[in-house]
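Enquirer: To be precise about what I am sending: the file is called upload.txt and holds compact mmCIF, C-alpha atoms.
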```
# COMPACT_ATOMS: atom_id res chain seq x y z
CA MET E 13 109.07 70.79 114.02
CA ILE E 14 112.11 68.50 114.20
CA ALA E 15 111.79 65.10 112.52
CA ILE E 16 113.86 62.34 114.11
CA ILE E 17 114.40 59.83 111.33
CA ASP E 18 113.60 56.25 112.32
CA TYR E 19 115.31 53.83 109.96
CA ARG E 20 114.75 50.81 112.22
CA ALA E 21 118.29 50.79 113.52
CA GLY E 22 118.08 50.54 117.25
CA ASN E 23 116.82 52.82 119.83
CA LEU E 24 115.57 56.35 119.25
CA ALA E 25 113.87 56.79 122.62
CA SER E 26 116.88 58.56 124.14
CA VAL E 27 117.14 61.14 121.38
CA LYS E 28 113.41 61.87 121.50
CA LYS E 29 113.51 62.17 125.28
CA ALA E 30 116.35 64.70 125.13
CA PHE E 31 114.49 66.94 122.65
CA ASP E 32 111.31 66.60 124.74
CA HIS E 33 113.30 67.65 127.80
CA LEU E 34 114.44 70.78 125.92
CA GLY E 35 110.83 71.57 125.07
CA ALA E 36 111.49 71.16 121.33
CA GLU E 37 108.59 70.04 119.17
CA CYS E 38 109.64 66.80 117.52
CA LEU E 39 108.36 63.56 116.10
CA VAL E 40 109.90 60.20 115.29
CA THR E 41 109.10 59.15 111.75
CA SER E 42 109.99 56.74 108.94
CA GLY E 43 107.84 58.60 106.46
CA PRO E 44 109.40 60.62 103.60
CA ALA E 45 106.42 63.01 103.58
CA GLU E 46 106.78 63.82 107.27
CA ALA E 47 110.54 64.20 106.86
CA ARG E 48 109.96 66.67 103.99
CA SER E 49 107.53 68.77 105.99
CA ALA E 50 109.81 69.14 109.05
CA ASN E 51 111.94 72.28 109.53
CA LYS E 52 114.90 70.33 110.84
CA LEU E 53 116.04 66.74 110.57
CA VAL E 54 117.93 64.57 113.01
CA LEU E 55 119.43 61.28 111.90
CA PRO E 56 120.38 59.24 114.96
CA GLY E 57 122.21 56.00 114.65
CA VAL E 58 123.60 53.15 116.59
CA GLY E 59 125.02 49.93 115.32
CA HIS E 60 126.18 48.97 111.86
CA PHE E 61 126.73 51.27 108.88
CA SER E 62 124.80 48.83 106.67
CA ALA E 63 121.64 49.76 108.60
CA THR E 64 121.63 53.05 106.66
CA GLN E 65 120.57 51.01 103.62
CA ALA E 66 117.09 51.17 105.11
CA LEU E 67 117.09 54.91 104.32
CA ASP E 68 117.05 53.95 100.63
CA GLU E 69 114.51 51.19 101.13
CA LEU E 70 112.16 53.56 102.98
CA GLY E 71 112.55 56.24 100.31
CA LEU E 72 114.11 58.61 102.82
CA ARG E 73 117.30 59.46 100.92
CA PRO E 74 115.63 61.81 98.39
CA ALA E 75 113.53 63.40 101.16
CA ILE E 76 116.67 64.08 103.20
CA GLU E 77 118.58 65.38 100.18
CA GLU E 78 115.76 67.76 99.24
CA SER E 79 115.47 69.06 102.76
CA ILE E 80 119.23 69.68 102.93
CA SER E 81 119.20 71.44 99.53
CA ALA E 82 116.40 73.64 100.84
CA GLY E 83 118.79 74.79 103.58
CA LYS E 84 117.08 73.06 106.50
CA PRO E 85 119.38 72.22 109.42
CA PHE E 86 120.36 68.56 109.50
CA LEU E 87 122.06 66.79 112.43
CA GLY E 88 123.61 63.34 112.09
CA ILE E 89 124.50 61.48 115.29
CA CYS E 90 127.10 58.66 115.46
CA VAL E 91 126.39 56.39 112.46
CA GLY E 92 124.06 59.18 111.29
CA MET E 93 127.11 61.46 111.06
CA GLN E 94 129.16 58.78 109.32
CA TRP E 95 126.42 58.45 106.70
CA MET E 96 127.03 62.11 105.78
CA PHE E 97 130.48 61.05 104.49
CA ALA E 98 131.06 59.14 101.25
CA GLY E 99 130.90 55.79 103.00
CA SER E 100 132.49 53.49 105.55
CA SER E 101 134.74 50.47 105.32
CA GLU E 102 132.24 48.83 107.69
CA ALA E 103 129.88 48.34 104.72
CA PRO E 104 131.72 49.33 101.51
CA GLN E 105 128.72 48.48 99.32
CA VAL E 106 126.53 51.08 101.05
CA ARG E 107 126.72 54.63 99.71
CA GLY E 108 126.73 57.53 102.15
CA LEU E 109 125.37 61.00 101.37
CA GLY E 110 128.82 62.23 100.35
CA LEU E 111 128.26 65.67 101.89
CA PHE E 112 131.62 65.49 103.63
CA ALA E 113 134.70 64.16 101.89
CA GLY E 114 136.31 60.86 102.80
CA GLN E 115 135.55 57.40 104.09
CA CYS E 116 135.02 56.27 107.67
CA SER E 117 137.39 53.55 108.80
CA ARG E 118 137.88 51.20 111.73
CA PHE E 119 140.14 51.93 114.70
CA SER E 120 143.39 49.99 114.49
CA SER E 121 144.04 46.91 116.58
CA ALA E 122 146.44 48.97 118.71
CA VAL E 123 143.47 50.15 120.81
CA LYS E 124 140.41 48.56 122.36
CA SER E 125 137.41 48.73 120.11
CA PRO E 126 134.67 49.92 120.41
CA HIS E 127 135.82 53.28 121.77
CA VAL E 128 133.39 53.48 124.68
CA GLY E 129 133.11 56.18 127.30
CA TRP E 130 133.65 59.87 127.94
CA ASN E 131 136.32 61.60 125.92
CA THR E 132 137.21 65.26 125.38
CA LEU E 133 136.25 67.48 122.46
CA SER E 134 139.07 69.66 121.12
CA PRO E 135 137.51 72.59 119.27
CA ARG E 136 139.14 73.53 115.99
CA GLY E 137 137.75 76.68 114.46
CA ARG E 138 134.31 78.08 115.11
CA SER E 139 131.51 75.68 116.03
CA ARG E 140 127.84 76.63 116.28
CA LEU E 141 127.01 73.46 118.20
CA LEU E 142 129.65 74.23 120.83
CA ALA E 143 128.47 77.84 121.36
CA GLY E 144 128.43 78.73 125.04
CA LEU E 145 130.44 75.71 126.13
CA SER E 146 133.88 75.85 127.71
CA ASP E 147 137.00 74.52 126.00
CA GLN E 148 136.96 71.45 128.24
CA VAL E 149 133.91 69.47 127.13
CA PHE E 150 133.44 65.75 127.77
CA ALA E 151 131.11 63.71 125.58
CA TYR E 152 129.98 60.08 125.58
CA PHE E 153 131.16 57.97 122.64
CA THR E 154 130.47 54.40 121.58
CA HIS E 155 131.74 53.41 118.12
CA SER E 156 134.30 51.26 116.29
CA TYR E 157 134.60 53.37 113.13
CA ARG E 158 135.71 57.00 112.89
CA ALA E 159 135.44 59.82 110.40
CA PRO E 160 138.46 61.52 108.79
CA ILE E 161 139.47 65.09 109.63
CA GLY E 162 138.71 67.42 106.73
CA ALA E 163 138.08 71.11 106.14
CA ASP E 164 134.65 70.99 107.84
CA CYS E 165 135.87 69.38 111.05
CA VAL E 166 135.29 71.76 113.99
CA SER E 167 136.24 69.40 116.82
CA THR E 168 138.63 66.51 117.06
CA THR E 169 138.92 63.77 119.67
CA THR E 170 141.96 61.65 120.42
CA TYR E 171 141.75 57.85 120.36
CA ASP E 172 144.12 55.85 118.19
CA GLY E 173 145.21 59.23 116.82
CA ASP E 174 142.76 62.07 116.15
CA PHE E 175 139.39 61.74 114.44
CA ALA E 176 136.56 64.15 113.60
CA SER E 177 134.13 64.38 116.53
CA ILE E 178 132.08 67.30 115.13
CA VAL E 179 131.66 68.39 111.50
CA GLU E 180 129.76 71.51 110.45
CA ARG E 181 129.19 73.32 107.17
CA GLY E 182 126.29 75.65 106.54
CA ASN E 183 123.12 73.78 107.52
CA LEU E 184 124.97 70.47 107.98
CA PHE E 185 125.95 69.20 111.41
CA GLY E 186 127.38 65.86 112.48
CA VAL E 187 128.51 64.58 115.88
CA GLN E 188 130.27 61.27 116.45
CA PHE E 189 129.34 61.15 120.14
CA HIS E 190 125.88 60.86 121.69
CA PRO E 191 124.78 64.33 122.85
CA GLU E 192 121.60 62.79 124.30
CA LYS E 193 123.84 60.78 126.65
CA SER E 194 126.47 63.43 127.37
CA GLY E 195 124.92 65.08 130.40
CA ASP E 196 124.45 68.86 130.57
CA ALA E 197 127.06 69.53 127.87
CA GLY E 198 125.22 67.24 125.48
CA LEU E 199 121.89 68.90 126.21
CA ARG E 200 123.48 72.28 125.51
CA ILE E 201 124.73 71.03 122.12
CA LEU E 202 121.22 69.83 121.26
CA ARG E 203 119.75 73.13 122.45
CA ASN E 204 122.16 74.98 120.16
CA PHE E 205 120.79 72.88 117.29
CA VAL E 206 117.18 73.50 118.36
CA GLU E 207 117.83 77.26 118.47
CA LEU E 208 119.34 77.47 114.98
CA PRO E 209 117.18 79.62 112.73
CA CYS E 210 115.30 77.60 110.14
CA MET I 154 141.81 61.46 126.17
CA LEU I 155 139.37 58.64 126.94
CA THR I 156 138.57 58.75 130.64
CA LYS I 157 138.09 55.86 133.05
CA ARG I 158 134.46 55.55 134.05
CA VAL I 159 132.89 55.38 137.49
CA ILE I 160 129.52 53.68 137.24
CA ALA I 161 126.81 53.76 139.89
CA CYS I 162 124.88 50.51 140.20
CA LEU I 163 121.34 50.30 141.53
CA ASP I 164 120.31 46.79 142.58
CA CYS I 165 116.52 46.80 142.44
CA GLN I 166 113.88 44.60 143.99
CA ASN I 167 110.18 45.32 143.50
CA GLY I 168 110.92 48.82 142.28
CA ARG I 169 113.21 49.80 145.16
CA VAL I 170 116.98 49.98 145.37
CA VAL I 171 118.39 47.45 147.84
CA LYS I 172 121.87 46.58 148.99
CA GLY I 173 123.19 43.58 150.90
CA VAL I 174 126.41 41.70 151.39
CA GLN I 175 126.97 38.97 148.77
CA PHE I 176 123.30 39.28 147.73
CA LEU I 177 122.06 38.52 151.28
CA ASP I 178 120.69 40.70 154.10
CA LEU I 179 119.06 43.24 151.76
CA ARG I 180 118.39 46.75 153.01
CA ASP I 181 116.28 49.45 151.36
CA ALA I 182 118.46 52.15 149.77
CA GLY I 183 115.82 54.31 148.06
CA ASP I 184 113.93 55.07 144.84
CA PRO I 185 115.85 54.15 141.65
CA ALA I 186 114.69 57.14 139.59
CA GLU I 187 115.72 59.59 142.31
CA LEU I 188 119.01 57.85 143.04
CA ALA I 189 119.94 57.68 139.34
CA ILE I 190 119.54 61.43 138.97
CA THR I 191 121.38 62.10 142.22
CA HIS I 192 124.32 59.94 141.14
CA ALA I 193 124.42 61.45 137.64
CA ALA I 194 124.42 64.95 139.10
CA ALA I 195 127.21 63.91 141.46
CA GLY I 196 129.34 62.79 138.52
CA ALA I 197 128.47 59.15 137.80
CA ASP I 198 129.55 58.45 134.23
CA GLU I 199 126.81 55.85 133.76
CA ILE I 200 124.02 54.18 135.67
CA VAL I 201 123.41 50.43 135.81
CA LEU I 202 120.06 49.20 137.04
CA LEU I 203 120.01 45.51 137.94
CA ASP I 204 116.76 43.78 138.79
CA ILE I 205 117.88 41.17 141.28
CA THR I 206 114.52 39.44 141.63
CA ALA I 207 113.56 39.40 137.95
CA THR I 208 110.67 37.02 138.44
CA HIS I 209 107.91 36.91 135.89
CA GLU I 210 105.53 38.89 138.13
CA ALA I 211 108.15 41.55 138.74
CA ARG I 212 108.72 42.31 135.02
CA LYS I 213 106.02 44.95 134.83
CA THR I 214 107.41 46.68 137.89
CA LEU I 215 110.87 46.62 136.33
CA LEU I 216 109.70 48.16 133.06
CA ASP I 217 107.93 50.89 134.97
CA THR I 218 111.10 51.46 137.01
CA VAL I 219 113.21 51.69 133.84
CA ARG I 220 110.79 54.17 132.28
CA ARG I 221 110.79 56.38 135.37
CA THR I 222 114.57 56.14 135.75
CA ALA I 223 115.29 56.96 132.10
CA GLN I 224 112.87 59.87 131.93
CA ASN I 225 115.21 62.62 133.12
CA LEU I 226 118.54 60.84 132.91
CA PHE I 227 121.00 62.02 130.25
CA VAL I 228 123.90 59.69 130.86
CA PRO I 229 123.95 56.07 129.62
CA LEU I 230 121.57 53.67 131.37
CA THR I 231 122.14 49.92 131.36
CA VAL I 232 119.44 47.54 132.55
CA GLY I 233 119.97 43.92 133.56
CA GLY I 234 118.12 41.10 135.25
CA GLY I 235 115.82 38.52 133.75
CA ILE I 236 116.44 39.35 130.06
CA GLN I 237 116.15 36.00 128.28
CA THR I 238 114.98 36.86 124.77
CA VAL I 239 115.32 39.56 122.14
CA ASP I 240 111.75 40.61 122.95
CA ASP I 241 112.62 41.04 126.64
CA ALA I 242 115.51 43.26 125.54
CA ALA I 243 113.31 45.21 123.12
CA ARG I 244 110.82 46.03 125.89
CA VAL I 245 113.63 47.35 128.09
CA PHE I 246 115.06 49.47 125.23
CA ASP I 247 111.56 50.82 124.54
CA CYS I 248 111.44 52.07 128.12
CA GLY I 249 114.58 54.13 127.55
CA ALA I 250 117.54 51.86 128.37
CA ASP I 251 120.65 52.42 126.26
CA LYS I 252 122.23 49.04 126.91
CA ILE I 253 121.09 45.76 128.37
CA SER I 254 123.10 43.42 130.52
CA ILE I 255 122.66 39.66 130.17
CA ASN I 256 124.15 37.10 132.51
CA SER I 257 122.75 33.58 133.12
CA ALA I 258 120.66 33.65 129.93
CA ALA I 259 123.80 34.19 127.82
CA VAL I 260 125.56 31.29 129.52
CA THR I 261 122.56 29.02 128.92
CA ARG I 262 122.05 30.17 125.33
CA PRO I 263 125.07 32.08 123.98
CA ASP I 264 123.29 32.85 120.69
CA LEU I 265 121.29 35.44 122.61
CA ILE I 266 124.32 37.78 122.54
CA ALA I 267 124.38 37.93 118.73
CA GLU I 268 120.59 38.03 118.48
CA ILE I 269 120.36 41.19 120.58
CA GLY I 270 123.56 42.63 119.09
CA SER I 271 122.42 42.28 115.50
CA ARG I 272 119.17 44.11 116.23
CA PHE I 273 120.37 46.83 118.61
CA GLY I 274 124.11 46.96 117.92
CA SER I 275 126.81 45.30 119.97
CA GLN I 276 127.45 48.58 121.82
CA ALA I 277 124.09 47.94 123.49
CA VAL I 278 125.00 44.46 124.76
CA MET I 279 126.85 44.13 128.04
CA VAL I 280 127.61 40.57 129.05
CA ALA I 281 127.75 40.26 132.84
CA ILE I 282 129.96 37.53 134.24
CA ASP I 283 129.77 36.45 137.87
CA ALA I 284 133.04 34.88 138.93
CA LYS I 285 133.81 32.67 141.89
CA CYS I 286 137.11 31.05 142.79
CA ASN I 287 136.54 27.26 142.93
CA GLU I 288 138.23 24.63 145.11
CA GLN I 289 141.01 24.21 142.56
CA GLY I 290 141.72 27.93 142.81
CA ILE I 291 140.38 28.62 139.31
CA ASP I 292 138.07 31.54 138.63
CA GLU I 293 134.91 29.95 137.37
CA VAL I 294 131.72 31.40 135.87
CA VAL I 295 128.72 31.03 138.17
CA THR I 296 125.06 31.79 137.48
CA ALA I 297 121.84 32.30 139.40
CA GLY I 298 123.46 34.71 141.83
CA GLY I 299 126.33 32.31 142.53
CA ARG I 300 124.24 29.20 143.21
CA ASN I 301 125.18 27.33 140.02
CA ALA I 302 128.74 26.59 139.02
CA THR I 303 129.24 26.20 135.26
CA GLY I 304 132.73 24.69 135.16
CA ARG I 305 133.79 27.38 132.65
CA ARG I 306 136.83 29.53 133.13
CA VAL I 307 136.04 33.23 133.35
CA VAL I 308 138.66 34.27 130.79
CA ASP I 309 137.41 31.68 128.27
CA TRP I 310 133.81 32.79 128.59
CA ALA I 311 134.78 36.47 128.33
CA ARG I 312 136.61 35.73 125.06
CA GLU I 313 133.65 33.78 123.71
CA ALA I 314 131.22 36.52 124.70
CA GLU I 315 133.37 39.04 122.83
CA THR I 316 133.51 36.84 119.73
CA ARG I 317 129.74 36.50 119.83
CA GLY I 318 129.30 40.26 119.89
CA ALA I 319 129.41 41.54 123.46
CA GLY I 320 130.17 45.27 123.44
CA GLU I 321 131.37 45.32 127.05
CA ILE I 322 132.08 42.84 129.84
CA LEU I 323 130.76 43.51 133.34
CA LEU I 324 132.86 41.35 135.62
CA THR I 325 131.70 40.73 139.19
CA SER I 326 133.83 38.92 141.71
CA MET I 327 131.35 37.14 143.98
CA ARG I 328 134.00 36.73 146.66
CA ASN I 329 134.58 40.47 146.85
CA ASP I 330 131.02 41.65 146.21
CA GLY I 331 129.52 43.57 149.09
CA THR I 332 132.62 43.21 151.26
CA GLN I 333 133.91 46.74 150.60
CA ALA I 334 137.41 45.22 150.82
CA GLY I 335 138.52 46.18 147.31
CA PHE I 336 138.08 44.87 143.75
CA ASP I 337 139.59 41.60 142.51
CA CYS I 338 142.41 43.27 140.57
CA ALA I 339 144.11 40.04 139.49
CA LEU I 340 140.98 38.63 137.89
CA THR I 341 140.04 41.98 136.34
CA SER I 342 143.42 42.38 134.70
CA ALA I 343 143.40 38.78 133.45
CA VAL I 344 140.08 39.44 131.69
CA ALA I 345 140.99 42.97 130.53
CA GLU I 346 144.12 41.63 128.83
CA SER I 347 142.20 38.79 127.15
CA VAL I 348 139.56 40.82 125.36
CA GLN I 349 139.46 43.90 123.11
CA VAL I 350 136.17 45.22 124.48
CA PRO I 351 135.98 47.36 127.62
CA VAL I 352 135.87 45.59 130.98
CA ILE I 353 133.89 46.98 133.89
CA ALA I 354 135.07 45.79 137.29
CA SER I 355 132.47 45.13 139.96
CA GLY I 356 132.39 43.83 143.49
CA GLY I 357 134.26 45.09 146.51
CA ALA I 358 134.41 48.89 146.20
CA GLY I 359 134.94 50.24 149.70
CA ASN I 360 136.96 53.44 149.37
CA GLU I 361 138.63 55.80 146.89
CA ARG I 362 141.90 53.88 146.91
CA HIS I 363 140.15 50.74 145.63
CA PHE I 364 139.17 52.58 142.44
CA VAL I 365 142.73 53.74 141.85
CA GLU I 366 143.92 50.15 142.32
CA VAL I 367 141.44 48.57 139.94
CA PHE I 368 142.37 51.04 137.19
CA GLU I 369 146.12 50.79 137.79
CA LYS I 370 146.61 47.12 138.70
CA GLY I 371 143.33 45.72 137.40
CA ARG I 372 143.57 47.53 134.03
CA ALA I 373 139.82 48.09 134.13
CA ASP I 374 138.13 50.48 131.70
CA ALA I 375 135.38 51.27 134.19
CA ALA I 376 134.51 50.40 137.77
CA LEU I 377 131.16 49.99 139.39
CA ALA I 378 130.05 50.91 142.87
CA ALA I 379 126.78 50.55 144.71
CA SER I 380 126.57 50.51 148.48
CA ILE I 381 129.36 52.96 149.20
CA LEU I 382 127.42 55.52 147.17
CA HIS I 383 123.91 54.82 148.42
CA PHE I 384 124.64 55.37 152.05
CA GLY I 385 126.63 58.53 151.44
CA THR I 386 129.82 57.24 153.02
CA HIS I 387 131.81 58.16 149.90
CA THR I 388 131.09 60.51 147.01
CA ILE I 389 131.83 60.14 143.31
CA ALA I 390 133.62 63.50 143.41
CA ASN I 391 136.07 62.17 146.01
CA ILE I 392 136.58 58.94 144.08
CA LYS I 393 137.33 60.94 140.94
CA LEU I 394 139.63 63.36 142.77
CA ALA I 395 141.63 60.40 144.09
CA MET I 396 141.80 59.01 140.57
CA ARG I 397 142.95 62.33 139.12
CA ASN I 398 145.58 62.72 141.82
CA ALA I 399 146.89 59.29 140.85
CA GLY I 400 147.18 60.44 137.22
CA ILE I 401 144.19 58.47 135.93
CA PRO I 402 142.20 60.30 133.22
CA VAL I 403 138.77 61.12 134.59
CA ARG I 404 135.74 63.24 133.69
CA LEU I 405 136.11 66.07 136.18
CA PRO I 406 134.44 68.49 136.59
CA CYS I 407 131.49 66.54 135.29
```
Would you mind giving the structure from this file in structure tokens?
Expert:
Amino acid sequence: MIAIIDYRAGNLASVKKAFDHLGAECLVTSGPAEARSANKLVLPGVGHFSATQALDELGLRPAIEESISAGKPFLGICVGMQWMFAGSSEAPQVRGLGLFAGQCSRFSSAVKSPHVGWNTLSPRGRSRLLAGLSDQVFAYFTHSYRAPIGADCVSTTTYDGDFASIVERGNLFGVQFHPEKSGDAGLRILRNFVELPC
Amino acid sequence: MLTKRVIACLDCQNGRVVKGVQFLDLRDAGDPAELAITHAAAGADEIVLLDITATHEARKTLLDTVRRTAQNLFVPLTVGGGIQTVDDAARVFDCGADKISINSAAVTRPDLIAEIGSRFGSQAVMVAIDAKCNEQGIDEVVTAGGRNATGRRVVDWAREAETRGAGEILLTSMRNDGTQAGFDCALTSAVAESVQVPVIASGGAGNERHFVEVFEKGRADAALAASILHFGTHTIANIKLAMRNAGIPVRLPC
């Protein structure tokens, strides 16, 4: 069972629909107990980094941390991925999970922001999420803040310089783009997550 | 590299896709759910579904249409027409839309932009602007399908919409819409250079060359097409090939 974490930040229907389409058993939940009992967790996210504060208010942070420590696969999408870093200049008072090093920061004024549309993924090292996909993969992005490139970055994307579009380490996975909106390639990325052994 | 988007637009009335010239002489163009999937498979980067009747009685039909359209669609879906409150928007998001488009309601009550944006994120709020050139030769914002002139300059309203939290601007030239004579590149570029958010050009797509023009001269981030796709006279693949041949970054193969 995959738990899609609902922290009252926008729209989870698309993510649920994509997992349903893949035939994956999943539920949308705000409950720490349900999150703890799932084999895999997905943290979607649209909108503002400060929305992740609700994860503390709902008591979900410890549930997520326990599940990650137990080795269960965890996928953060968009703001959900950014939350896996130490934090974001979008809401400096809000603490991220700190699983990946560095802070997320805003695109410079040299480019249009938000970065909206289909951009390419440039693989960098071995990625489990990109297994079976060609080197030329397009994904749909919509965000104004970006994550830094560190040791766990397995794909970069170019906009106002390069940023981390996929991070992976052990059971931790984060994607800046929206796989549920990225056509067949996106569905394949989600399927690769679904097929990870628990 | 960020690609330029080609967006397929489905104008809907009573649950069916229709297409006319300048919103008149409407013809049936098919089922929205089927057409959305067909266009996505053919390479459309996004789908926009606009309810052009949007009367109170038609709301239930629209929500059902959105639900059916979103069900097997895995590219972004924007829904517009008749959204006047945050609750209207919430119902459309619940049915599977990724973004909503607001037009007249935002002009009447600009706070609506921030209200929807603060709940669903500004990336989910597309402000649609219908533009018409007035007697003084100024591009003016019009509402109610072009029937009401507002006296506001298009560029000014686009800037205000951005400040209030619009994530994208969908700009339709009423003069060009449905004519298949090409986009209004001058107006598009004036708006695109005035705002930081992406601008989607709409109105006038007639052939592949028009898309190249609106990206090169109009500085658009995306361009929208409806009738030329519905009746099979042009394909998204050919539009994108023409764009690629002109050196415009494009998602191909899709």
Enquirer: Give as a list in words every residue of chain I that touches chain E within 6 Å, counting all atoms listed in the file.
Expert: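 Contact residues on the first chain: Met154, Leu155, Thr156, Phe227, Val228, Pro229, Gly249, Phe273, Gly274, Gln349 and Val350 of chain I.
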Enquirer: Quick one: of I:Ile160, I:Leu377, I:Val280, I:Cys165, who's nearest to I:Thr206, counting only C-alpha atoms?
Expert: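 Answer, going by the shortest atom-to-atom distance: I:Cys165.
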Enquirer: Counting only C-alpha atoms, note down every residue that has an atom within 8 Å of the point (115.8, 56.4, 147.3) (file coordinates), as a VMD selection string.
Expert: chain I and resid 169 to 170 182 to 188
Enquirer: With C-alpha atoms retained, write the just-selected residues as a PDB file, keeping the file's coordinate frame.
Expert:
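New file out_16.pdb:
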```pdb
ATOM      1  CA  ARG I 169     113.210  49.800 145.160  1.00  0.00           C
ATOM      2  CA  VAL I 170     116.980  49.980 145.370  1.00  0.00           C
ATOM      3  CA  ALA I 182     118.460  52.150 149.770  1.00  0.00           C
ATOM      4  CA  GLY I 183     115.820  54.310 148.060  1.00  0.00           C
ATOM      5  CA  ASP I 184     113.930  55.070 144.840  1.00  0.00           C
ATOM      6  CA  PRO I 185     115.850  54.150 141.650  1.00  0.00           C
ATOM      7  CA  ALA I 186     114.690  57.140 139.590  1.00  0.00           C
ATOM      8  CA  GLU I 187     115.720  59.590 142.310  1.00  0.00           C
ATOM      9  CA  LEU I 188     119.010  57.850 143.040  1.00  0.00           C
TER      10      LEU I 188
END
```
Enquirer: Rounded to one decimal, what separation in Å do you get between atom CA of E:Ala98 and atom CA of E:Phe112?
Expert: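 Interatomic distance here is 6.8 Å.
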Enquirer: For E:Ala82, please output as a list of chain:residue names all residues within 12 Å (counting all atoms listed in the file; exclusion window: fewer than 4 positions along the same chain).
Expert: E:Arg48, E:Ser49, E:Ala50, E:Asn51, E:Lys52, E:Leu53, E:Ala75, E:Ile76, E:Glu77, E:Glu78, E:Phe86, E:Gly182, E:Asn183, E:Leu184, E:Cys210
Enquirer: Kindly save the residues from that selection, with C-alpha atoms included, as a compact mmCIF listing (two decimals), in the coordinates of the input.
Expert:
```txt
# COMPACT_ATOMS: atom_id res chain seq x y z
CA ARG E 48 109.96 66.67 103.99
CA SER E 49 107.53 68.77 105.99
CA ALA E 50 109.81 69.14 109.05
CA ASN E 51 111.94 72.28 109.53
CA LYS E 52 114.90 70.33 110.84
CA LEU E 53 116.04 66.74 110.57
CA ALA E 75 113.53 63.40 101.16
CA ILE E 76 116.67 64.08 103.20
CA GLU E 77 118.58 65.38 100.18
CA GLU E 78 115.76 67.76 99.24
CA PHE E 86 120.36 68.56 109.50
CA GLY E 182 126.29 75.65 106.54
CA ASN E 183 123.12 73.78 107.52
CA LEU E 184 124.97 70.47 107.98
CA CYS E 210 115.30 77.60 110.14
```
Enquirer: Which neighbours of E:Ile178 fall inside 7 Å, counting only C-alpha atoms, when residues of the same chain fewer than 4 positions from it are skipped, and could you give them as a PDB file with C-alpha atoms, in the coordinates of the input?
Expert:
```pdb
ATOM      1  CA  CYS E 165     135.870  69.380 111.050  1.00  0.00           C
ATOM      2  CA  VAL E 166     135.290  71.760 113.990  1.00  0.00           C
ATOM      3  CA  SER E 167     136.240  69.400 116.820  1.00  0.00           C
ATOM      4  CA  THR E 168     138.630  66.510 117.060  1.00  0.00           C
ATOM      5  CA  GLY E 186     127.380  65.860 112.480  1.00  0.00           C
ATOM      6  CA  VAL E 187     128.510  64.580 115.880  1.00  0.00           C
ATOM      7  CA  GLN E 188     130.270  61.270 116.450  1.00  0.00           C
TER       8      GLN E 188
END
```
Enquirer: Please return, as a PDB file with C-alpha atoms, keeping the file's coordinate frame, all polymer residues that have at least one atom within 12 Å of the point (127.3, 43.4, 147.7); use all atoms listed in the file and the file's own coordinate frame.
Expert:
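The resulting out07.pdb:
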```
ATOM      1  CA  CYS I 162     124.880  50.510 140.200  1.00  0.00           C
ATOM      2  CA  LEU I 163     121.340  50.300 141.530  1.00  0.00           C
ATOM      3  CA  ASP I 164     120.310  46.790 142.580  1.00  0.00           C
ATOM      4  CA  VAL I 171     118.390  47.450 147.840  1.00  0.00           C
ATOM      5  CA  LYS I 172     121.870  46.580 148.990  1.00  0.00           C
ATOM      6  CA  GLY I 173     123.190  43.580 150.900  1.00  0.00           C
ATOM      7  CA  VAL I 174     126.410  41.700 151.390  1.00  0.00           C
ATOM      8  CA  GLN I 175     126.970  38.970 148.770  1.00  0.00           C
ATOM      9  CA  PHE I 176     123.300  39.280 147.730  1.00  0.00           C
ATOM     10  CA  LEU I 177     122.060  38.520 151.280  1.00  0.00           C
ATOM     11  CA  ASP I 178     120.690  40.700 154.100  1.00  0.00           C
ATOM     12  CA  LEU I 179     119.060  43.240 151.760  1.00  0.00           C
ATOM     13  CA  ARG I 180     118.390  46.750 153.010  1.00  0.00           C
ATOM     14  CA  ILE I 205     117.880  41.170 141.280  1.00  0.00           C
ATOM     15  CA  GLY I 298     123.460  34.710 141.830  1.00  0.00           C
ATOM     16  CA  THR I 325     131.700  40.730 139.190  1.00  0.00           C
ATOM     17  CA  SER I 326     133.830  38.920 141.710  1.00  0.00           C
ATOM     18  CA  MET I 327     131.350  37.140 143.980  1.00  0.00           C
ATOM     19  CA  ARG I 328     134.000  36.730 146.660  1.00  0.00           C
ATOM     20  CA  ASN I 329     134.580  40.470 146.850  1.00  0.00           C
ATOM     21  CA  ASP I 330     131.020  41.650 146.210  1.00  0.00           C
ATOM     22  CA  GLY I 331     129.520  43.570 149.090  1.00  0.00           C
ATOM     23  CA  THR I 332     132.620  43.210 151.260  1.00  0.00           C
ATOM     24  CA  GLN I 333     133.910  46.740 150.600  1.00  0.00           C
ATOM     25  CA  ALA I 334     137.410  45.220 150.820  1.00  0.00           C
ATOM     26  CA  GLY I 335     138.520  46.180 147.310  1.00  0.00           C
ATOM     27  CA  PHE I 336     138.080  44.870 143.750  1.00  0.00           C
ATOM     28  CA  SER I 355     132.470  45.130 139.960  1.00  0.00           C
ATOM     29  CA  GLY I 356     132.390  43.830 143.490  1.00  0.00           C
ATOM     30  CA  GLY I 357     134.260  45.090 146.510  1.00  0.00           C
ATOM     31  CA  ALA I 358     134.410  48.890 146.200  1.00  0.00           C
ATOM     32  CA  GLY I 359     134.940  50.240 149.700  1.00  0.00           C
ATOM     33  CA  LEU I 377     131.160  49.990 139.390  1.00  0.00           C
ATOM     34  CA  ALA I 378     130.050  50.910 142.870  1.00  0.00           C
ATOM     35  CA  ALA I 379     126.780  50.550 144.710  1.00  0.00           C
ATOM     36  CA  SER I 380     126.570  50.510 148.480  1.00  0.00           C
ATOM     37  CA  ILE I 381     129.360  52.960 149.200  1.00  0.00           C
ATOM     38  CA  HIS I 383     123.910  54.820 148.420  1.00  0.00           C
TER      39      HIS I 383
END
```
